[in-house]
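Single-structure report; data block below.
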Amino acid sequence: MTVTEKVAYLRGILDASELNEGAKETRIFKAIADVLDDLAMTVADLEDGFSELSEQIDAVDEDLDALEQDYYDDEDYEDEDDEDFVEVTCPSCGDTICLDEETLLAGEVDCPNCGETLEFDLHYSDECGCEDDACSCDACDHDAEEEDK
């Protein structure tokens, strides 16, 4: 039974009762029934709006799924947060910032905390200072050195 049906049932009981029409209690019961009618209609309108909105969201979800399938060519979407970042600590203020490769290759960046210019020298000699011969950084030429031996 819906809220509207329940309020209609209560209204029917109130109308069928043999209450004195001039009594204060009768007027109070009728006023309460009127408020319940209004609330029941509001709830019914909200339920209808919710149903319509739910259908629209389902349609948008289906459309978005179709677009994802077309755009990503049946591959699962993965966030592009796979980009590597390097944490750099500002020598002036001690703030740690994360920089991407493009920013590092630019050679300098201003610290967002204190404004100090941080400079990066990414041009290495043949030796990067690594103690590990398995180093795979672009600056090292460990593989070439091993081939020469």
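So you can find residues: chains in the structure tokens are A, B, ... in the order shown, residues in each start at 1, and ligands are numbered from 1 in order.
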Extract, using only C-alpha atoms, all DNA, RNA and protein residues at most 8 Å from region 101-115 of chain A, discarding same-chain residues fewer than 3 positions from it, and format them as a list of chain:residue names. A:Asp84, A:Phe85, A:Val86, A:Cys90, A:Ser92, A:Cys93, A:Asp95, A:Ile97, A:Leu118, A:Glu119, A:Phe120, A:Asp121, A:Leu122
Output all heavy atoms for every residue in that selection, as a compact mmCIF listing (two decimals), in the first residue's frame.
```txt
# COMPACT_ATOMS: atom_id res chain seq x y z
N ASP A 84 55.84 8.91 -14.04
CA ASP A 84 56.82 8.91 -12.96
C ASP A 84 57.07 10.33 -12.47
O ASP A 84 57.18 11.27 -13.27
CB ASP A 84 58.14 8.31 -13.44
CG ASP A 84 58.01 6.82 -13.70
OD1 ASP A 84 57.21 6.18 -13.00
OD2 ASP A 84 58.69 6.32 -14.61
N PHE A 85 57.16 10.47 -11.17
CA PHE A 85 57.47 11.74 -10.55
C PHE A 85 58.70 11.58 -9.68
O PHE A 85 58.97 10.50 -9.16
CB PHE A 85 56.29 12.23 -9.70
CG PHE A 85 55.11 12.67 -10.51
CD1 PHE A 85 54.08 11.79 -10.77
CD2 PHE A 85 55.03 13.96 -10.99
CE1 PHE A 85 52.99 12.19 -11.52
CE2 PHE A 85 53.94 14.37 -11.74
CZ PHE A 85 52.92 13.49 -12.01
N VAL A 86 59.43 12.66 -9.52
CA VAL A 86 60.61 12.68 -8.68
C VAL A 86 60.35 13.66 -7.55
O VAL A 86 59.90 14.78 -7.79
CB VAL A 86 61.85 13.10 -9.49
CG1 VAL A 86 63.07 13.23 -8.59
CG2 VAL A 86 62.11 12.13 -10.61
N CYS A 90 63.45 21.25 -1.38
CA CYS A 90 64.02 22.59 -1.54
C CYS A 90 65.06 22.81 -0.44
O CYS A 90 64.75 22.62 0.74
CB CYS A 90 62.92 23.64 -1.44
SG CYS A 90 63.53 25.34 -1.51
N SER A 92 66.23 25.57 0.62
CA SER A 92 65.96 26.78 1.40
C SER A 92 64.91 26.57 2.47
O SER A 92 65.10 26.92 3.63
CB SER A 92 65.50 27.92 0.48
OG SER A 92 66.51 28.26 -0.41
N CYS A 93 63.76 25.98 2.09
CA CYS A 93 62.66 25.86 3.04
C CYS A 93 62.40 24.43 3.50
O CYS A 93 61.64 24.21 4.44
CB CYS A 93 61.37 26.45 2.46
SG CYS A 93 60.71 25.52 1.05
N ASP A 95 60.77 22.19 1.90
CA ASP A 95 59.51 21.68 1.34
C ASP A 95 59.82 20.63 0.27
O ASP A 95 60.73 20.79 -0.52
CB ASP A 95 58.71 22.84 0.73
CG ASP A 95 57.32 22.45 0.32
OD1 ASP A 95 56.76 21.53 0.95
OD2 ASP A 95 56.77 23.06 -0.63
N ILE A 97 58.61 18.70 -3.06
CA ILE A 97 57.69 18.84 -4.19
C ILE A 97 57.92 17.68 -5.15
O ILE A 97 59.00 17.11 -5.19
CB ILE A 97 57.85 20.20 -4.92
CG1 ILE A 97 59.29 20.40 -5.40
CG2 ILE A 97 57.44 21.34 -4.03
CD1 ILE A 97 59.49 21.65 -6.24
N LEU A 118 65.01 26.40 -8.14
CA LEU A 118 65.72 25.13 -8.03
C LEU A 118 66.22 24.77 -9.43
O LEU A 118 65.44 24.72 -10.38
CB LEU A 118 64.80 24.04 -7.50
CG LEU A 118 64.08 24.33 -6.18
CD1 LEU A 118 63.14 23.19 -5.83
CD2 LEU A 118 65.08 24.55 -5.07
N GLU A 119 67.51 24.53 -9.54
CA GLU A 119 68.10 24.21 -10.84
C GLU A 119 68.50 22.75 -10.87
O GLU A 119 68.97 22.19 -9.87
CB GLU A 119 69.30 25.11 -11.10
CG GLU A 119 68.92 26.57 -11.22
CD GLU A 119 70.12 27.46 -11.48
OE1 GLU A 119 71.26 26.96 -11.55
OE2 GLU A 119 69.91 28.68 -11.61
N PHE A 120 68.36 22.14 -12.04
CA PHE A 120 68.68 20.72 -12.21
C PHE A 120 69.64 20.59 -13.38
O PHE A 120 69.38 21.09 -14.46
CB PHE A 120 67.41 19.91 -12.49
CG PHE A 120 66.32 20.17 -11.50
CD1 PHE A 120 65.24 20.99 -11.84
CD2 PHE A 120 66.36 19.63 -10.24
CE1 PHE A 120 64.25 21.24 -10.93
CE2 PHE A 120 65.36 19.88 -9.32
CZ PHE A 120 64.30 20.69 -9.67
N ASP A 121 70.75 19.89 -13.15
CA ASP A 121 71.70 19.62 -14.21
C ASP A 121 71.61 18.14 -14.53
O ASP A 121 72.12 17.30 -13.80
CB ASP A 121 73.12 20.00 -13.75
CG ASP A 121 74.13 19.79 -14.87
OD1 ASP A 121 73.72 19.68 -16.05
OD2 ASP A 121 75.33 19.73 -14.56
N LEU A 122 70.95 17.84 -15.62
CA LEU A 122 70.74 16.44 -15.99
C LEU A 122 71.73 15.98 -17.05
O LEU A 122 71.58 14.90 -17.60
CB LEU A 122 69.31 16.25 -16.49
CG LEU A 122 68.22 16.57 -15.47
CD1 LEU A 122 66.85 16.36 -16.08
CD2 LEU A 122 68.37 15.74 -14.22
```
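For Thr2 (chain A), the non-local neighbours within 9 Å, defined as residues at least 5 positions apart in the same chain or in other chains and counting only C-alpha atoms, are Val7, Ala40 and Ala44 of chain A.
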Next, dump the selected residues to file, keeping only all heavy atoms, as a PDB file, in the first residue's frame.
```pdb
ATOM      1  N   VAL A   7      -3.143   7.274   3.415  1.00  0.00           N
ATOM      2  CA  VAL A   7      -3.788   8.521   3.826  1.00  0.00           C
ATOM      3  C   VAL A   7      -5.246   8.529   3.382  1.00  0.00           C
ATOM      4  O   VAL A   7      -6.137   8.966   4.135  1.00  0.00           O
ATOM      5  CB  VAL A   7      -3.023   9.743   3.281  1.00  0.00           C
ATOM      6  CG1 VAL A   7      -3.784  11.036   3.540  1.00  0.00           C
ATOM      7  CG2 VAL A   7      -1.632   9.823   3.890  1.00  0.00           C
ATOM      8  N   ALA A  40       1.542  13.199   1.397  1.00  0.00           N
ATOM      9  CA  ALA A  40       1.463  12.022   0.526  1.00  0.00           C
ATOM     10  C   ALA A  40       1.641  12.412  -0.935  1.00  0.00           C
ATOM     11  O   ALA A  40       2.322  11.705  -1.696  1.00  0.00           O
ATOM     12  CB  ALA A  40       0.127  11.305   0.729  1.00  0.00           C
ATOM     13  N   ALA A  44       4.705  11.266  -3.383  1.00  0.00           N
ATOM     14  CA  ALA A  44       4.428  10.652  -4.682  1.00  0.00           C
ATOM     15  C   ALA A  44       5.171  11.391  -5.803  1.00  0.00           C
ATOM     16  O   ALA A  44       5.745  10.756  -6.698  1.00  0.00           O
ATOM     17  CB  ALA A  44       2.924  10.632  -4.955  1.00  0.00           C
TER      18      ALA A  44
END
```
Hey, what does DSSP flag as alpha helix (DSSP H) within region 15-110 of chain A? Can you give it to me as a CSV table (one decimal) with N, CA and C atoms, in the first residue's frame?
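The file below, out14.csv, is the result:
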```
chain,number,residue,atom,x,y,z
A,15,ASP,N,-14.0,10.2,7.8
A,15,ASP,CA,-15.3,10.6,7.2
A,15,ASP,C,-16.4,9.7,7.7
A,16,ALA,N,-16.1,8.4,7.9
A,16,ALA,CA,-17.2,7.5,8.2
A,16,ALA,C,-17.5,7.5,9.7
A,24,LYS,N,-13.9,20.6,18.5
A,24,LYS,CA,-12.5,20.9,18.3
A,24,LYS,C,-11.7,19.8,17.8
A,25,GLU,N,-11.9,18.6,18.4
A,25,GLU,CA,-11.1,17.4,18.0
A,25,GLU,C,-11.4,17.0,16.6
A,26,THR,N,-12.6,17.2,16.1
A,26,THR,CA,-13.0,16.8,14.7
A,26,THR,C,-12.2,17.8,13.7
A,27,ARG,N,-12.1,19.0,14.1
A,27,ARG,CA,-11.4,20.0,13.2
A,27,ARG,C,-9.9,19.7,13.2
A,28,ILE,N,-9.4,19.3,14.3
A,28,ILE,CA,-8.0,18.9,14.4
A,28,ILE,C,-7.7,17.7,13.6
A,29,PHE,N,-8.5,16.7,13.7
A,29,PHE,CA,-8.4,15.5,12.9
A,29,PHE,C,-8.4,15.7,11.4
A,30,LYS,N,-9.3,16.6,11.0
A,30,LYS,CA,-9.5,17.0,9.5
A,30,LYS,C,-8.3,17.8,9.1
A,31,ALA,N,-7.7,18.6,9.9
A,31,ALA,CA,-6.5,19.4,9.6
A,31,ALA,C,-5.3,18.5,9.4
A,32,ILE,N,-5.2,17.5,10.3
A,32,ILE,CA,-4.2,16.5,10.2
A,32,ILE,C,-4.3,15.7,9.0
A,33,ALA,N,-5.5,15.3,8.6
A,33,ALA,CA,-5.7,14.6,7.4
A,33,ALA,C,-5.3,15.4,6.2
A,34,ASP,N,-5.6,16.7,6.2
A,34,ASP,CA,-5.3,17.6,5.0
A,34,ASP,C,-3.7,17.7,4.9
A,35,VAL,N,-3.0,17.8,6.0
A,35,VAL,CA,-1.6,17.8,6.0
A,35,VAL,C,-1.0,16.5,5.5
A,36,LEU,N,-1.6,15.4,6.0
A,36,LEU,CA,-1.2,14.1,5.5
A,36,LEU,C,-1.4,13.9,4.0
A,37,ASP,N,-2.5,14.4,3.5
A,37,ASP,CA,-2.8,14.4,2.0
A,37,ASP,C,-1.7,15.2,1.3
A,38,ASP,N,-1.3,16.4,1.8
A,38,ASP,CA,-0.3,17.2,1.1
A,38,ASP,C,1.1,16.4,1.1
A,39,LEU,N,1.4,15.9,2.3
A,39,LEU,CA,2.6,15.1,2.4
A,39,LEU,C,2.7,13.9,1.5
A,40,ALA,N,1.5,13.2,1.4
A,40,ALA,CA,1.5,12.0,0.5
A,40,ALA,C,1.6,12.4,-0.9
A,41,MET,N,1.1,13.5,-1.3
A,41,MET,CA,1.2,14.0,-2.7
A,41,MET,C,2.7,14.4,-3.0
A,42,THR,N,3.3,15.0,-2.0
A,42,THR,CA,4.7,15.4,-2.2
A,42,THR,C,5.6,14.2,-2.3
A,43,VAL,N,5.4,13.2,-1.5
A,43,VAL,CA,6.1,12.0,-1.5
A,43,VAL,C,5.9,11.3,-2.9
A,44,ALA,N,4.7,11.3,-3.4
A,44,ALA,CA,4.4,10.7,-4.7
A,44,ALA,C,5.2,11.4,-5.8
A,45,ASP,N,5.2,12.7,-5.7
A,45,ASP,CA,5.9,13.5,-6.7
A,45,ASP,C,7.4,13.2,-6.7
A,46,LEU,N,7.9,13.1,-5.4
A,46,LEU,CA,9.4,12.8,-5.3
A,46,LEU,C,9.7,11.5,-5.8
A,47,GLU,N,8.8,10.5,-5.6
A,47,GLU,CA,9.1,9.1,-6.1
A,47,GLU,C,9.1,9.1,-7.6
A,48,ASP,N,8.1,9.9,-8.2
A,48,ASP,CA,8.1,9.9,-9.7
A,48,ASP,C,9.3,10.6,-10.2
A,49,GLY,N,9.8,11.7,-9.6
A,49,GLY,CA,11.0,12.4,-10.0
A,49,GLY,C,12.2,11.5,-9.9
A,50,PHE,N,12.3,10.8,-8.8
A,50,PHE,CA,13.4,9.9,-8.6
A,50,PHE,C,13.4,8.8,-9.6
A,51,SER,N,12.3,8.2,-10.0
A,51,SER,CA,12.2,7.2,-11.0
A,51,SER,C,12.7,7.7,-12.4
A,52,GLU,N,12.2,8.9,-12.7
A,52,GLU,CA,12.6,9.6,-14.0
A,52,GLU,C,14.1,9.8,-14.0
A,53,LEU,N,14.6,10.4,-12.9
A,53,LEU,CA,16.1,10.7,-12.8
A,53,LEU,C,16.9,9.4,-12.9
A,54,SER,N,16.4,8.4,-12.2
A,54,SER,CA,17.1,7.1,-12.3
A,54,SER,C,17.2,6.5,-13.7
A,55,GLU,N,16.1,6.7,-14.4
A,55,GLU,CA,16.1,6.2,-15.8
A,55,GLU,C,17.1,7.0,-16.7
A,56,GLN,N,17.1,8.3,-16.4
A,56,GLN,CA,18.1,9.2,-17.2
A,56,GLN,C,19.5,8.8,-16.9
A,57,ILE,N,19.8,8.6,-15.6
A,57,ILE,CA,21.2,8.2,-15.2
A,57,ILE,C,21.6,6.9,-15.8
A,58,ASP,N,20.7,6.0,-15.9
A,58,ASP,CA,21.0,4.7,-16.5
A,58,ASP,C,21.3,4.9,-18.0
A,59,ALA,N,20.5,5.8,-18.7
A,59,ALA,CA,20.7,6.0,-20.1
A,59,ALA,C,22.1,6.7,-20.3
A,60,VAL,N,22.4,7.6,-19.5
A,60,VAL,CA,23.7,8.3,-19.6
A,60,VAL,C,24.8,7.3,-19.3
A,61,ASP,N,24.7,6.4,-18.4
A,61,ASP,CA,25.7,5.4,-18.1
A,61,ASP,C,25.9,4.5,-19.2
A,62,GLU,N,24.8,4.1,-19.9
A,62,GLU,CA,24.9,3.3,-21.1
A,62,GLU,C,25.6,4.0,-22.2
A,63,ASP,N,25.3,5.3,-22.4
A,63,ASP,CA,25.9,6.1,-23.5
A,63,ASP,C,27.4,6.2,-23.2
A,64,LEU,N,27.8,6.5,-21.9
A,64,LEU,CA,29.2,6.7,-21.5
A,64,LEU,C,29.9,5.4,-21.7
A,65,ASP,N,29.3,4.2,-21.4
A,65,ASP,CA,29.9,3.0,-21.6
A,65,ASP,C,30.2,2.7,-23.1
A,66,ALA,N,29.3,3.1,-23.9
A,66,ALA,CA,29.5,2.9,-25.4
A,66,ALA,C,30.6,3.8,-25.9
A,67,LEU,N,30.7,5.0,-25.4
A,67,LEU,CA,31.8,5.9,-25.8
A,67,LEU,C,33.1,5.4,-25.3
A,68,GLU,N,33.2,4.9,-24.1
A,68,GLU,CA,34.4,4.3,-23.6
A,68,GLU,C,34.9,3.1,-24.4
A,69,GLN,N,33.9,2.3,-24.8
A,69,GLN,CA,34.2,1.1,-25.6
A,69,GLN,C,34.8,1.6,-27.0
A,70,ASP,N,34.2,2.6,-27.6
A,70,ASP,CA,34.7,3.1,-28.9
A,70,ASP,C,36.0,3.8,-28.7
A,71,TYR,N,36.1,4.7,-27.7
A,71,TYR,CA,37.3,5.5,-27.5
A,71,TYR,C,38.5,4.7,-27.1
A,101,GLU,N,59.0,14.5,-15.4
A,101,GLU,CA,60.2,14.4,-16.3
A,101,GLU,C,60.3,15.7,-17.1
A,102,GLU,N,59.2,16.2,-17.6
A,102,GLU,CA,59.2,17.4,-18.4
A,102,GLU,C,59.8,18.6,-17.7
A,103,THR,N,59.3,18.8,-16.4
A,103,THR,CA,59.8,19.9,-15.6
A,103,THR,C,61.3,19.7,-15.3
A,104,LEU,N,61.7,18.5,-15.0
A,104,LEU,CA,63.1,18.2,-14.7
A,104,LEU,C,64.0,18.5,-15.9
A,105,LEU,N,63.5,18.2,-17.1
A,105,LEU,CA,64.3,18.4,-18.3
A,105,LEU,C,64.3,19.9,-18.7
A,106,ALA,N,63.4,20.7,-18.2
A,106,ALA,CA,63.4,22.1,-18.4
A,106,ALA,C,64.6,22.8,-17.6
```
For CA of Asp100 (chain A) and CA of Glu87 (chain A), determine how far apart the two atoms are, in Å to one decimal place.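 If I compute the distance from CA of Asp100 (chain A) to CA of Glu87 (chain A), I get 9.0 Å.
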Residues of region 2-132 of chain A classed as strand (DSSP E or B) by DSSP on the backbone are to be reported as a count of residues only. 16
